[in-house]
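Student: Input structure: run33.tsv, which contains TSV, C-alpha atoms.
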chain	number	residue	atom	x	y	z
U	171	MET	CA	0.00	0.00	0.00
U	172	THR	CA	1.32	3.42	-0.96
U	173	TYR	CA	0.80	6.31	1.41
U	174	ARG	CA	0.87	9.86	0.18
U	175	ILE	CA	2.19	12.38	2.67
U	176	THR	CA	0.42	15.70	2.41
U	177	PRO	CA	2.92	18.55	2.55
U	178	PRO	CA	2.32	21.23	5.17
U	179	SER	CA	0.47	24.39	4.20
U	180	GLN	CA	2.39	27.62	3.81
U	181	LEU	CA	0.71	28.84	6.99
U	182	GLU	CA	2.09	25.86	8.91
U	183	GLN	CA	5.53	26.45	7.41
U	184	LEU	CA	5.42	30.15	8.26
U	185	LYS	CA	4.57	29.38	11.89
U	186	ARG	CA	7.85	27.45	12.22
U	187	PHE	CA	9.91	30.64	12.19
U	188	THR	CA	7.48	33.56	12.53
U	189	THR	CA	4.78	34.24	15.11
U	190	VAL	CA	1.52	34.53	13.19
U	191	VAL	CA	-0.95	37.15	14.40
U	192	VAL	CA	-4.47	37.63	13.08
U	193	ASP	CA	-5.42	41.17	12.08
U	194	SER	CA	-9.13	41.32	12.87
U	195	GLY	CA	-11.68	42.61	15.34
U	196	ASP	CA	-14.15	39.84	14.57
U	197	PHE	CA	-13.68	37.05	17.10
U	198	THR	CA	-15.68	34.66	14.92
U	199	GLU	CA	-12.99	34.98	12.24
U	200	ILE	CA	-10.17	34.75	14.75
U	201	ALA	CA	-11.43	31.40	16.04
U	202	ARG	CA	-10.87	29.87	12.59
U	203	SER	CA	-7.30	31.17	12.19
U	204	THR	CA	-5.56	29.62	15.24
U	205	PRO	CA	-3.00	32.45	15.60
U	206	ARG	CA	-0.90	33.10	18.71
U	207	ASP	CA	-1.79	36.78	19.03
U	208	ALA	CA	-4.40	39.16	17.63
U	209	THR	CA	-4.38	42.84	16.72
U	210	THR	CA	-7.28	45.23	16.42
U	211	ASN	CA	-7.70	48.87	15.43
U	212	PRO	CA	-10.66	51.29	15.30
U	213	SER	CA	-11.46	50.37	11.71
U	214	LEU	CA	-11.53	46.64	12.43
U	215	VAL	CA	-13.64	47.03	15.56
U	216	LEU	CA	-16.08	49.29	13.71
U	217	SER	CA	-16.41	46.71	10.94
U	218	ALA	CA	-16.87	43.87	13.45
U	219	VAL	CA	-19.50	45.60	15.57
U	220	ARG	CA	-21.66	46.06	12.47
U	221	ARG	CA	-21.81	42.30	11.94
U	222	PRO	CA	-24.64	40.28	13.50
U	223	ALA	CA	-22.31	37.96	15.40
U	224	CYS	CA	-20.53	40.83	17.17
U	225	ALA	CA	-23.25	43.50	17.40
U	226	PRO	CA	-24.63	42.17	20.74
U	227	LEU	CA	-21.39	43.23	22.45
U	228	LEU	CA	-22.20	46.87	21.71
U	229	HIS	CA	-25.69	46.69	23.20
U	230	GLU	CA	-24.54	44.68	26.22
U	231	THR	CA	-21.79	47.20	26.94
U	232	VAL	CA	-24.15	50.16	26.70
U	233	ARG	CA	-26.81	48.52	28.90
U	234	ALA	CA	-24.25	47.61	31.54
U	235	GLN	CA	-23.14	51.24	32.01
U	236	PRO	CA	-26.14	53.53	31.48
U	237	LYS	CA	-24.44	56.56	33.07
U	238	ALA	CA	-21.07	56.22	31.33
U	239	SER	CA	-19.90	58.76	28.77
U	240	VAL	CA	-19.52	57.81	25.12
U	241	GLU	CA	-15.75	57.96	25.58
U	242	GLU	CA	-15.91	55.55	28.51
U	243	LEU	CA	-18.26	53.23	26.63
U	244	ALA	CA	-15.93	53.19	23.62
U	245	ASP	CA	-13.05	52.04	25.82
U	246	ALA	CA	-15.26	49.48	27.54
U	247	LEU	CA	-16.32	48.14	24.15
U	248	LEU	CA	-12.71	47.84	22.95
U	249	VAL	CA	-11.82	45.91	26.08
U	250	ARG	CA	-14.90	43.70	25.73
U	251	PHE	CA	-13.74	42.79	22.22
U	252	GLY	CA	-10.25	42.20	23.54
U	253	THR	CA	-11.40	39.87	26.30
U	254	GLU	CA	-13.48	37.85	23.83
U	255	ILE	CA	-10.49	37.60	21.50
U	256	LEU	CA	-8.23	36.44	24.34
U	257	LYS	CA	-10.53	33.47	24.86
U	258	MET	CA	-9.47	32.31	21.39
U	259	VAL	CA	-5.75	33.08	21.28
U	260	PRO	CA	-3.10	31.84	23.71
U	261	GLY	CA	-1.02	35.01	23.53
U	262	ARG	CA	-1.71	38.72	23.44
U	263	VAL	CA	-4.22	41.17	22.03
U	264	SER	CA	-3.42	44.72	20.94
U	265	THR	CA	-5.96	47.39	21.87
U	266	GLU	CA	-5.61	50.89	20.46
U	267	VAL	CA	-5.71	54.22	22.26
U	268	ASP	CA	-8.13	56.70	20.63
U	269	ALA	CA	-6.27	58.21	17.67
U	270	ARG	CA	-7.64	61.65	18.58
U	271	LEU	CA	-5.06	61.63	21.38
U	272	SER	CA	-2.12	60.99	19.06
U	273	PHE	CA	-0.43	64.33	19.81
U	274	ASP	CA	-0.98	64.43	23.58
U	275	SER	CA	1.45	62.27	25.56
U	276	GLY	CA	-0.25	62.78	28.90
U	277	ALA	CA	-3.67	61.90	27.55
U	278	ILE	CA	-2.29	58.78	25.86
U	279	VAL	CA	-0.73	57.60	29.12
U	280	ALA	CA	-3.95	58.23	31.05
U	281	ARG	CA	-6.08	56.41	28.46
U	282	ALA	CA	-3.67	53.49	28.32
U	283	HIS	CA	-3.84	53.06	32.09
U	284	ARG	CA	-7.64	53.19	31.91
U	285	LEU	CA	-7.69	50.45	29.29
U	286	MET	CA	-5.34	48.32	31.37
U	287	GLY	CA	-7.52	48.91	34.42
U	288	LEU	CA	-10.55	47.65	32.51
U	289	TYR	CA	-8.65	44.56	31.40
U	290	GLN	CA	-7.47	43.84	34.92
U	291	ALA	CA	-11.02	44.28	36.24
U	292	ALA	CA	-12.05	41.64	33.69
U	293	GLY	CA	-9.43	39.27	35.07
U	294	VAL	CA	-6.95	39.65	32.20
U	295	ALA	CA	-3.26	39.65	33.12
U	296	ARG	CA	-1.42	42.73	31.88
U	297	GLU	CA	1.20	40.68	30.04
U	298	ARG	CA	-1.55	39.52	27.67
U	299	VAL	CA	-2.32	43.07	26.51
U	300	LEU	CA	-0.40	45.43	24.26
U	301	ILE	CA	-1.55	49.03	24.20
U	302	LYS	CA	-1.48	50.22	20.62
U	303	ILE	CA	-0.37	53.81	19.99
U	304	ALA	CA	0.30	55.83	16.84
U	305	ALA	CA	4.04	56.35	16.32
U	306	THR	CA	4.04	60.13	16.58
U	307	TRP	CA	6.71	61.79	18.70
U	308	GLU	CA	4.12	62.20	21.45
U	309	GLY	CA	2.98	58.61	21.10
U	310	ILE	CA	6.54	57.31	21.39
U	311	ALA	CA	7.17	59.51	24.44
U	312	ALA	CA	4.00	58.13	26.04
U	313	ALA	CA	5.12	54.58	25.25
U	314	ARG	CA	8.46	55.20	26.96
U	315	HIS	CA	6.57	56.24	30.10
U	316	LEU	CA	4.15	53.32	29.91
U	317	GLU	CA	6.90	50.73	29.43
U	318	ARG	CA	8.55	52.02	32.60
U	319	ASP	CA	5.20	51.56	34.34
U	320	GLY	CA	5.05	47.94	33.21
U	321	VAL	CA	2.49	48.53	30.44
U	322	ARG	CA	3.60	46.90	27.19
U	323	THR	CA	3.05	48.86	23.99
U	324	ASN	CA	2.61	48.29	20.26
U	325	LEU	CA	3.55	51.32	18.16
U	326	THR	CA	1.47	51.42	15.02
U	327	LEU	CA	1.15	53.55	11.88
U	328	LEU	CA	4.89	53.11	11.50
U	329	PHE	CA	6.18	53.88	8.02
U	330	GLY	CA	9.69	55.25	8.41
U	331	PHE	CA	13.05	54.11	9.71
U	332	THR	CA	13.16	57.20	11.94
U	333	GLN	CA	10.01	56.08	13.76
U	334	ALA	CA	11.39	52.56	14.21
U	335	VAL	CA	14.68	53.74	15.74
U	336	ALA	CA	12.88	56.17	18.06
U	337	CYS	CA	10.63	53.33	19.24
U	338	ALA	CA	13.64	51.13	19.91
U	339	ASP	CA	15.28	53.93	21.88
U	340	ALA	CA	12.07	54.26	23.94
U	341	GLY	CA	12.17	50.54	24.77
U	342	VAL	CA	8.76	49.70	23.33
U	343	GLN	CA	7.73	46.06	23.28
U	344	LEU	CA	6.67	45.87	19.64
U	345	ILE	CA	6.41	47.93	16.46
U	346	SER	CA	4.05	47.41	13.53
U	347	PRO	CA	5.61	48.72	10.30
U	348	PHE	CA	2.98	48.90	7.56
U	349	VAL	CA	4.02	47.02	4.42
U	350	GLY	CA	0.96	47.49	2.21
U	351	ARG	CA	0.51	51.21	2.75
U	352	ILE	CA	4.18	51.85	1.90
U	353	TYR	CA	3.64	49.85	-1.29
U	354	ASP	CA	0.48	51.86	-2.03
U	355	TRP	CA	2.33	55.16	-1.68
U	356	ALA	CA	5.26	54.10	-3.83
U	357	LYS	CA	2.97	52.86	-6.58
U	358	ALA	CA	0.82	56.00	-6.56
U	359	ASN	CA	3.88	58.25	-6.43
U	360	ALA	CA	5.49	56.51	-9.42
U	361	GLY	CA	2.37	56.83	-11.55
U	362	PRO	CA	2.71	55.52	-15.12
U	363	ALA	CA	6.39	54.72	-14.51
U	364	TRP	CA	5.47	51.94	-12.07
U	365	VAL	CA	6.28	48.43	-13.32
U	366	GLU	CA	4.61	45.89	-11.04
U	367	ALA	CA	6.95	43.06	-11.96
U	368	ASP	CA	9.91	45.12	-10.75
U	369	HIS	CA	8.39	45.67	-7.28
U	370	THR	CA	7.33	42.25	-6.07
U	371	GLY	CA	8.69	39.99	-3.36
U	372	VAL	CA	11.94	41.26	-1.86
U	373	ASN	CA	11.80	44.24	-4.25
U	374	ASP	CA	8.52	45.47	-2.82
U	375	PRO	CA	9.18	48.86	-1.15
U	376	GLY	CA	7.15	47.90	1.93
U	377	VAL	CA	9.05	44.63	2.27
U	378	GLN	CA	12.35	46.48	1.91
U	379	SER	CA	11.38	48.90	4.67
U	380	VAL	CA	10.58	46.12	7.16
U	381	THR	CA	13.69	44.16	6.14
U	382	ARG	CA	15.86	47.20	6.85
U	383	ILE	CA	14.31	47.69	10.28
U	384	HIS	CA	14.57	44.00	11.13
U	385	ARG	CA	18.26	43.90	10.14
U	386	TYR	CA	19.06	47.06	12.11
U	387	PHE	CA	17.38	45.73	15.24
U	388	LYS	CA	19.25	42.42	15.01
U	389	GLN	CA	22.56	44.20	14.38
U	390	HIS	CA	22.13	46.27	17.52
U	391	GLY	CA	20.63	43.59	19.74
U	392	ILE	CA	17.42	45.59	20.13
U	393	ARG	CA	14.76	43.62	22.02
U	394	THR	CA	11.80	45.44	20.41
U	395	GLU	CA	9.75	42.96	18.38
U	396	VAL	CA	9.16	43.72	14.69
U	397	MET	CA	5.71	42.80	13.39
U	398	GLY	CA	5.07	43.38	9.69
U	399	ALA	CA	1.51	44.58	9.09
U	400	SER	CA	-0.91	45.79	6.42
U	401	PHE	CA	-0.36	43.23	3.68
U	402	ARG	CA	-1.78	43.52	0.18
U	403	ASN	CA	-0.76	40.12	-1.20
U	404	LEU	CA	0.86	36.80	-0.35
U	405	GLY	CA	4.12	37.80	-2.01
U	406	GLN	CA	4.72	40.43	0.66
U	407	ILE	CA	4.16	37.89	3.43
U	408	ARG	CA	6.39	35.26	1.84
U	409	ALA	CA	9.19	37.80	1.38
U	410	LEU	CA	9.12	38.56	5.14
U	411	ALA	CA	9.06	34.95	6.33
U	412	GLY	CA	11.28	34.90	9.40
U	413	CYS	CA	10.29	38.33	10.68
U	414	ASP	CA	9.57	38.25	14.43
U	415	LEU	CA	5.82	38.48	13.88
U	416	LEU	CA	3.46	39.08	10.98
U	417	THR	CA	-0.13	40.25	11.50
U	418	ILE	CA	-2.28	38.98	8.66
U	419	SER	CA	-5.92	39.36	7.66
U	420	PRO	CA	-8.18	36.28	7.84
U	421	GLU	CA	-8.47	36.28	4.04
U	422	LEU	CA	-4.71	36.06	3.49
U	423	LEU	CA	-4.36	33.51	6.30
U	424	ALA	CA	-6.88	31.33	4.48
U	425	ALA	CA	-4.90	31.70	1.25
U	426	LEU	CA	-1.71	30.61	3.01
U	427	GLU	CA	-3.56	27.65	4.49
U	428	SER	CA	-4.70	26.52	1.05
U	429	CYS	CA	-1.23	26.68	-0.54
U	430	ARG	CA	1.20	23.80	-0.04
U	431	ALA	CA	4.20	25.02	-2.03
U	432	PRO	CA	7.50	25.31	-0.12
U	433	LEU	CA	7.91	28.49	1.91
U	434	PRO	CA	11.58	29.25	2.61
U	435	ARG	CA	12.73	31.45	5.45
U	436	VAL	CA	13.95	34.82	4.14
U	437	LEU	CA	14.81	36.77	7.32
U	438	ASP	CA	16.86	34.90	9.89
U	439	GLY	CA	19.26	37.44	11.36
U	440	SER	CA	22.27	35.64	9.87
U	441	ASP	CA	23.42	38.84	8.16
U	442	ALA	CA	23.03	40.95	11.30
U	443	HIS	CA	26.78	41.52	11.55
U	444	GLY	CA	27.63	41.35	7.88
U	445	SER	CA	28.81	44.22	5.72
U	446	ALA	CA	26.09	43.97	3.08
U	447	GLY	CA	23.34	46.43	3.84
U	448	ASP	CA	25.07	47.32	7.10
U	449	GLU	CA	23.07	49.88	9.09
U	450	THR	CA	25.51	50.32	11.96
U	451	GLN	CA	26.77	53.62	10.57
U	452	VAL	CA	23.33	55.22	10.43
U	453	ALA	CA	23.41	58.51	12.32
U	454	VAL	CA	20.31	58.83	14.46
U	455	ARG	CA	19.37	61.76	16.67
U	456	HIS	CA	17.17	60.75	19.55
U	457	ASP	CA	15.87	64.20	20.46
U	458	GLU	CA	12.53	65.66	19.39
U	459	ALA	CA	13.98	68.12	16.88
U	460	GLY	CA	16.00	65.39	15.21
U	461	PHE	CA	13.00	63.08	15.02
U	462	ARG	CA	10.69	65.72	13.57
U	463	PHE	CA	13.24	66.83	10.98
U	464	ALA	CA	14.02	63.26	9.86
U	465	LEU	CA	10.33	62.43	9.63
U	466	ASN	CA	9.72	65.60	7.64
U	467	GLU	CA	12.45	64.52	5.20
U	468	ASP	CA	10.54	61.27	4.58
U	469	ALA	CA	7.55	62.38	2.50
U	470	MET	CA	6.02	58.91	2.45
U	471	ALA	CA	6.16	58.40	6.22
U	472	THR	CA	4.88	61.92	6.90
U	473	GLN	CA	1.93	61.56	4.55
U	474	LYS	CA	0.94	58.03	5.51
U	475	LEU	CA	1.18	58.73	9.24
U	476	ALA	CA	-1.13	61.73	8.96
U	477	GLU	CA	-3.48	59.85	6.64
U	478	GLY	CA	-3.58	56.85	8.99
U	479	ILE	CA	-4.43	58.98	12.01
U	480	ARG	CA	-7.21	60.74	10.08
U	481	GLY	CA	-8.62	57.38	9.03
U	482	PHE	CA	-8.64	56.00	12.57
U	483	VAL	CA	-10.19	59.22	13.88
U	484	ARG	CA	-12.94	58.98	11.27
U	485	ASP	CA	-13.74	55.43	12.35
U	486	ALA	CA	-13.57	56.33	16.05
U	487	ARG	CA	-16.20	59.00	15.42
U	488	ALA	CA	-18.33	56.48	13.52
U	489	LEU	CA	-18.08	54.11	16.50
U	490	ASP	CA	-19.14	56.97	18.79
U	491	ALA	CA	-22.20	57.45	16.59
U	492	LEU	CA	-23.13	53.77	16.93
U	493	ILE	CA	-22.81	54.04	20.70
U	494	HIS	CA	-25.05	57.14	20.70
U	495	ALA	CA	-27.63	55.25	18.65
U	496	ALA	CA	-27.49	52.24	20.98
U	497	ARG	CA	-28.21	54.49	23.96
U	498	ALA	CA	-31.28	56.04	22.34
Please, can you express the file's structure as structure tokens?
Tutor:
Amino acid sequence: MTYRITPPSQLEQLKRFTTVVVDSGDFTEIARSTPRDATTNPSLVLSAVRRPACAPLLHETVRAQPKASVEELADALLVRFGTEILKMVPGRVSTEVDARLSFDSGAIVARAHRLMGLYQAAGVARERVLIKIAATWEGIAAARHLERDGVRTNLTLLFGFTQAVACADAGVQLISPFVGRIYDWAKANAGPAWVEADHTGVNDPGVQSVTRIHRYFKQHGIRTEVMGASFRNLGQIRALAGCDLLTISPELLAALESCRAPLPRVLDGSDAHGSAGDETQVAVRHDEAGFRFALNEDAMATQKLAEGIRGFVRDARALDALIHAARA
């Protein structure tokens, strides 16, 4: 009798050298993906709460706190989603501070502590929660303070090398550089000159950005975890196989699960001390003026950071409107 051995899926292969994180606010989707961690953001939570399976959480949260402000209810709802997600993943969940606070360090710190307080009241250990903050100068300063307080952070909307180095200097737990949005900007900026075949895989500008950050962190022994995010296609994920973590949408996770072609490891830190692509000579100023100037010099990072904050603010306001309607 001949037995045929089914090769492992690309998702199974990826999990051998990269921590797979699901990028979703819908806990019904997360249950099918079997990731270690999960990340959410205002847009994902807004999308999830509009679905029949998740909508009851909104009404239950509002009914449980009839005298709470909309702001307080929004935080309570985010934590309710987070606690449901943590029932389905063995690791951590990332919960985002209101993007409207992105330029106020003190307010970010206060909101982060409130979110952690809600999690602890729900019986969730603080090591299972990452507080997600936009990687503005103020957000990074707040993260430095929070890390010293024992609150672990995930710095998001990260598009530039300057942001990554500042986060490392602040001692943040994890950064989420956005692959797909960097790719989007480069393609739009190139216009008719863009040739798709020349910008795939390791030549994708978003992939190159994360690869540079990953190499720099390994060269310098930086403990901050690098989690590639915002993927547009499987090629971007495959080209970052070996990154510390990758947060992937349920749709792309399903596509990886259905593919059984070999998936080699691309990033492994073996070139961390090599001369090729060496980043050890990069001059980095760690003060506010240096950060703001370097970020200003990076048109892509400047534009995408501002655009990302505006998008999250828009969705936070839409979530507020749903809470208002649920209270009526």
Student: Point out the residue among U:Gly391, U:Gly371, U:Gly195, U:Pro178 with the least atom-to-atom distance to Thr210 (chain U), counting only C-alpha atoms.
Tutor: U:Gly195
Student: With all atoms listed in the file as the atoms that count, which of U:Leu214, U:Ala340, U:Leu422, U:Ala305 lies nearest to Leu248 (chain U)?
Tutor: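 Answer, going by the shortest atom-to-atom distance: U:Leu214.
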Student: Using all atoms listed in the file, pick whichever of U:Arg202, U:Arg220, U:Arg322, U:His456 has the shortest atom-to-atom distance to Leu492 (chain U).
Tutor: U:Arg220
Student: Name the residues in contact with region 223-240 of chain U at a cut-off of 9 Å, using all atoms listed in the file, excluding same-chain residues fewer than 4 positions from it; report them as a PyMOL selection string.
Tutor: chain U and resi 196-198+218-219+244-247+250-251+490-494+496-497
Student: Rounded to one decimal, what separation in Å do you get between CA of Cys429 (chain U) and CA of Asn403 (chain U)?
Tutor: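 Interatomic distance here is 13.5 Å.
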Student: With only C-alpha atoms counted, which protein, DNA or RNA residues have an atom no more than 10 Å from (1.2, 37.7, 29.3) in the file frame? Please answer as JSON, numbers by chain.
Tutor: {"U": [260, 261, 262, 263, 294, 295, 296, 297, 298, 299, 300, 322]}
Student: Tell me, as number ranges by chain, which residues lie within 10 Å of region 267-278 of chain U, counting all atoms listed in the file; anything in the same chain fewer than 4 positions away does not count.
Tutor: U: 211-212, 241, 244-245, 248, 282-285, 301-313, 315-316, 478-487
Student: Between CA of Arg206 (chain U) and CA of Thr394 (chain U), what is the distance in Å, rounded to a tenth?
Tutor: 17.8 Å
Student: So, with all atoms listed in the file as the atoms that count, which of U:Leu415, U:Ala471, U:Ala291, U:Ala476 lies closest to Gly376 (chain U)?
Tutor: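 The answer is U:Ala471, which sits nearest to Gly376 (chain U).
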Student: Of the residues U:Glu242, U:Glu199, U:Glu366, U:Asp374, which is the one nearest to Met258 (chain U), using only C-alpha atoms?
Tutor: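 Counting only C-alpha atoms, the residue closest to Met258 (chain U) is U:Glu199.
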Student: Give me, please, the distance in Å between CA of Phe463 (chain U) and CA of Arg393 (chain U), quoted to one decimal.
Tutor: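 Taking CA of Phe463 (chain U) as the start and CA of Arg393 (chain U) as the end point, the length is 25.7 Å.
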Student: My list of candidates is U:Leu433, U:Phe401, U:Val321, U:Gly460. Which is closest to Pro420 (chain U) when distances are computed with all atoms listed in the file?
Tutor: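 Using all atoms listed in the file, Pro420 (chain U) sits closest to U:Phe401.
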Student: Would you mind completing region 263-273 of chain U to all heavy atoms and writing the output as a PDB file, in the frame of the given file?
Tutor:
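Okay, part-v6.pdb is ready:
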ATOM      1  N   VAL U 263      -3.371  40.369  22.908  1.00  0.00           N
ATOM      2  CA  VAL U 263      -4.220  41.170  22.030  1.00  0.00           C
ATOM      3  C   VAL U 263      -3.737  42.615  22.113  1.00  0.00           C
ATOM      4  O   VAL U 263      -3.323  43.080  23.176  1.00  0.00           O
ATOM      5  CB  VAL U 263      -5.713  41.070  22.423  1.00  0.00           C
ATOM      6  CG1 VAL U 263      -5.989  41.719  23.771  1.00  0.00           C
ATOM      7  CG2 VAL U 263      -6.599  41.695  21.338  1.00  0.00           C
ATOM      8  N   SER U 264      -3.770  43.301  20.976  1.00  0.00           N
ATOM      9  CA  SER U 264      -3.420  44.720  20.940  1.00  0.00           C
ATOM     10  C   SER U 264      -4.698  45.544  20.898  1.00  0.00           C
ATOM     11  O   SER U 264      -5.574  45.295  20.062  1.00  0.00           O
ATOM     12  CB  SER U 264      -2.573  45.043  19.708  1.00  0.00           C
ATOM     13  OG  SER U 264      -1.289  44.464  19.798  1.00  0.00           O
ATOM     14  N   THR U 265      -4.796  46.514  21.797  1.00  0.00           N
ATOM     15  CA  THR U 265      -5.960  47.390  21.870  1.00  0.00           C
ATOM     16  C   THR U 265      -5.490  48.828  21.741  1.00  0.00           C
ATOM     17  O   THR U 265      -4.577  49.254  22.447  1.00  0.00           O
ATOM     18  CB  THR U 265      -6.722  47.186  23.189  1.00  0.00           C
ATOM     19  OG1 THR U 265      -7.223  45.845  23.232  1.00  0.00           O
ATOM     20  CG2 THR U 265      -7.880  48.167  23.316  1.00  0.00           C
ATOM     21  N   GLU U 266      -6.130  49.579  20.855  1.00  0.00           N
ATOM     22  CA  GLU U 266      -5.610  50.890  20.460  1.00  0.00           C
ATOM     23  C   GLU U 266      -6.198  52.043  21.272  1.00  0.00           C
ATOM     24  O   GLU U 266      -7.405  52.113  21.513  1.00  0.00           O
ATOM     25  CB  GLU U 266      -5.892  51.112  18.969  1.00  0.00           C
ATOM     26  CG  GLU U 266      -5.156  52.297  18.383  1.00  0.00           C
ATOM     27  CD  GLU U 266      -4.785  52.082  16.931  1.00  0.00           C
ATOM     28  OE1 GLU U 266      -4.942  50.946  16.433  1.00  0.00           O
ATOM     29  OE2 GLU U 266      -4.334  53.045  16.300  1.00  0.00           O
ATOM     30  N   VAL U 267      -5.308  52.954  21.649  1.00  0.00           N
ATOM     31  CA  VAL U 267      -5.710  54.220  22.260  1.00  0.00           C
ATOM     32  C   VAL U 267      -6.373  55.074  21.185  1.00  0.00           C
ATOM     33  O   VAL U 267      -5.953  55.074  20.019  1.00  0.00           O
ATOM     34  CB  VAL U 267      -4.496  54.937  22.860  1.00  0.00           C
ATOM     35  CG1 VAL U 267      -4.830  56.371  23.248  1.00  0.00           C
ATOM     36  CG2 VAL U 267      -3.964  54.178  24.067  1.00  0.00           C
ATOM     37  N   ASP U 268      -7.413  55.815  21.546  1.00  0.00           N
ATOM     38  CA  ASP U 268      -8.130  56.700  20.630  1.00  0.00           C
ATOM     39  C   ASP U 268      -7.148  57.562  19.846  1.00  0.00           C
ATOM     40  O   ASP U 268      -6.328  58.288  20.422  1.00  0.00           O
ATOM     41  CB  ASP U 268      -9.073  57.593  21.450  1.00  0.00           C
ATOM     42  CG  ASP U 268     -10.074  58.353  20.595  1.00  0.00           C
ATOM     43  OD1 ASP U 268      -9.728  58.745  19.466  1.00  0.00           O
ATOM     44  OD2 ASP U 268     -11.201  58.569  21.076  1.00  0.00           O
ATOM     45  N   ALA U 269      -7.211  57.489  18.530  1.00  0.00           N
ATOM     46  CA  ALA U 269      -6.270  58.210  17.670  1.00  0.00           C
ATOM     47  C   ALA U 269      -6.386  59.721  17.815  1.00  0.00           C
ATOM     48  O   ALA U 269      -5.467  60.454  17.438  1.00  0.00           O
ATOM     49  CB  ALA U 269      -6.492  57.810  16.211  1.00  0.00           C
ATOM     50  N   ARG U 270      -7.501  60.206  18.365  1.00  0.00           N
ATOM     51  CA  ARG U 270      -7.640  61.650  18.580  1.00  0.00           C
ATOM     52  C   ARG U 270      -6.674  62.164  19.638  1.00  0.00           C
ATOM     53  O   ARG U 270      -6.493  63.382  19.776  1.00  0.00           O
ATOM     54  CB  ARG U 270      -9.098  61.954  18.967  1.00  0.00           C
ATOM     55  CG  ARG U 270     -10.067  61.834  17.803  1.00  0.00           C
ATOM     56  CD  ARG U 270     -11.521  61.879  18.232  1.00  0.00           C
ATOM     57  NE  ARG U 270     -11.942  60.629  18.856  1.00  0.00           N
ATOM     58  CZ  ARG U 270     -13.213  60.290  19.064  1.00  0.00           C
ATOM     59  NH1 ARG U 270     -14.182  61.122  18.700  1.00  0.00           N
ATOM     60  NH2 ARG U 270     -13.529  59.137  19.630  1.00  0.00           N
ATOM     61  N   LEU U 271      -6.030  61.256  20.351  1.00  0.00           N
ATOM     62  CA  LEU U 271      -5.060  61.630  21.380  1.00  0.00           C
ATOM     63  C   LEU U 271      -3.619  61.516  20.884  1.00  0.00           C
ATOM     64  O   LEU U 271      -2.687  61.643  21.675  1.00  0.00           O
ATOM     65  CB  LEU U 271      -5.242  60.742  22.611  1.00  0.00           C
ATOM     66  CG  LEU U 271      -6.651  60.693  23.211  1.00  0.00           C
ATOM     67  CD1 LEU U 271      -6.666  59.747  24.409  1.00  0.00           C
ATOM     68  CD2 LEU U 271      -7.129  62.075  23.615  1.00  0.00           C
ATOM     69  N   SER U 272      -3.430  61.320  19.603  1.00  0.00           N
ATOM     70  CA  SER U 272      -2.120  60.990  19.060  1.00  0.00           C
ATOM     71  C   SER U 272      -1.032  62.028  19.292  1.00  0.00           C
ATOM     72  O   SER U 272       0.162  61.716  19.173  1.00  0.00           O
ATOM     73  CB  SER U 272      -2.230  60.717  17.550  1.00  0.00           C
ATOM     74  OG  SER U 272      -3.022  59.588  17.293  1.00  0.00           O
ATOM     75  N   PHE U 273      -1.417  63.263  19.624  1.00  0.00           N
ATOM     76  CA  PHE U 273      -0.430  64.330  19.810  1.00  0.00           C
ATOM     77  C   PHE U 273      -0.445  64.866  21.246  1.00  0.00           C
ATOM     78  O   PHE U 273      -0.025  65.992  21.485  1.00  0.00           O
ATOM     79  CB  PHE U 273      -0.672  65.445  18.798  1.00  0.00           C
ATOM     80  CG  PHE U 273      -0.614  64.961  17.378  1.00  0.00           C
ATOM     81  CD1 PHE U 273      -1.785  64.696  16.664  1.00  0.00           C
ATOM     82  CD2 PHE U 273       0.604  64.725  16.756  1.00  0.00           C
ATOM     83  CE1 PHE U 273      -1.733  64.227  15.364  1.00  0.00           C
ATOM     84  CE2 PHE U 273       0.660  64.249  15.446  1.00  0.00           C
ATOM     85  CZ  PHE U 273      -0.516  63.995  14.749  1.00  0.00           C
TER      86      PHE U 273
END
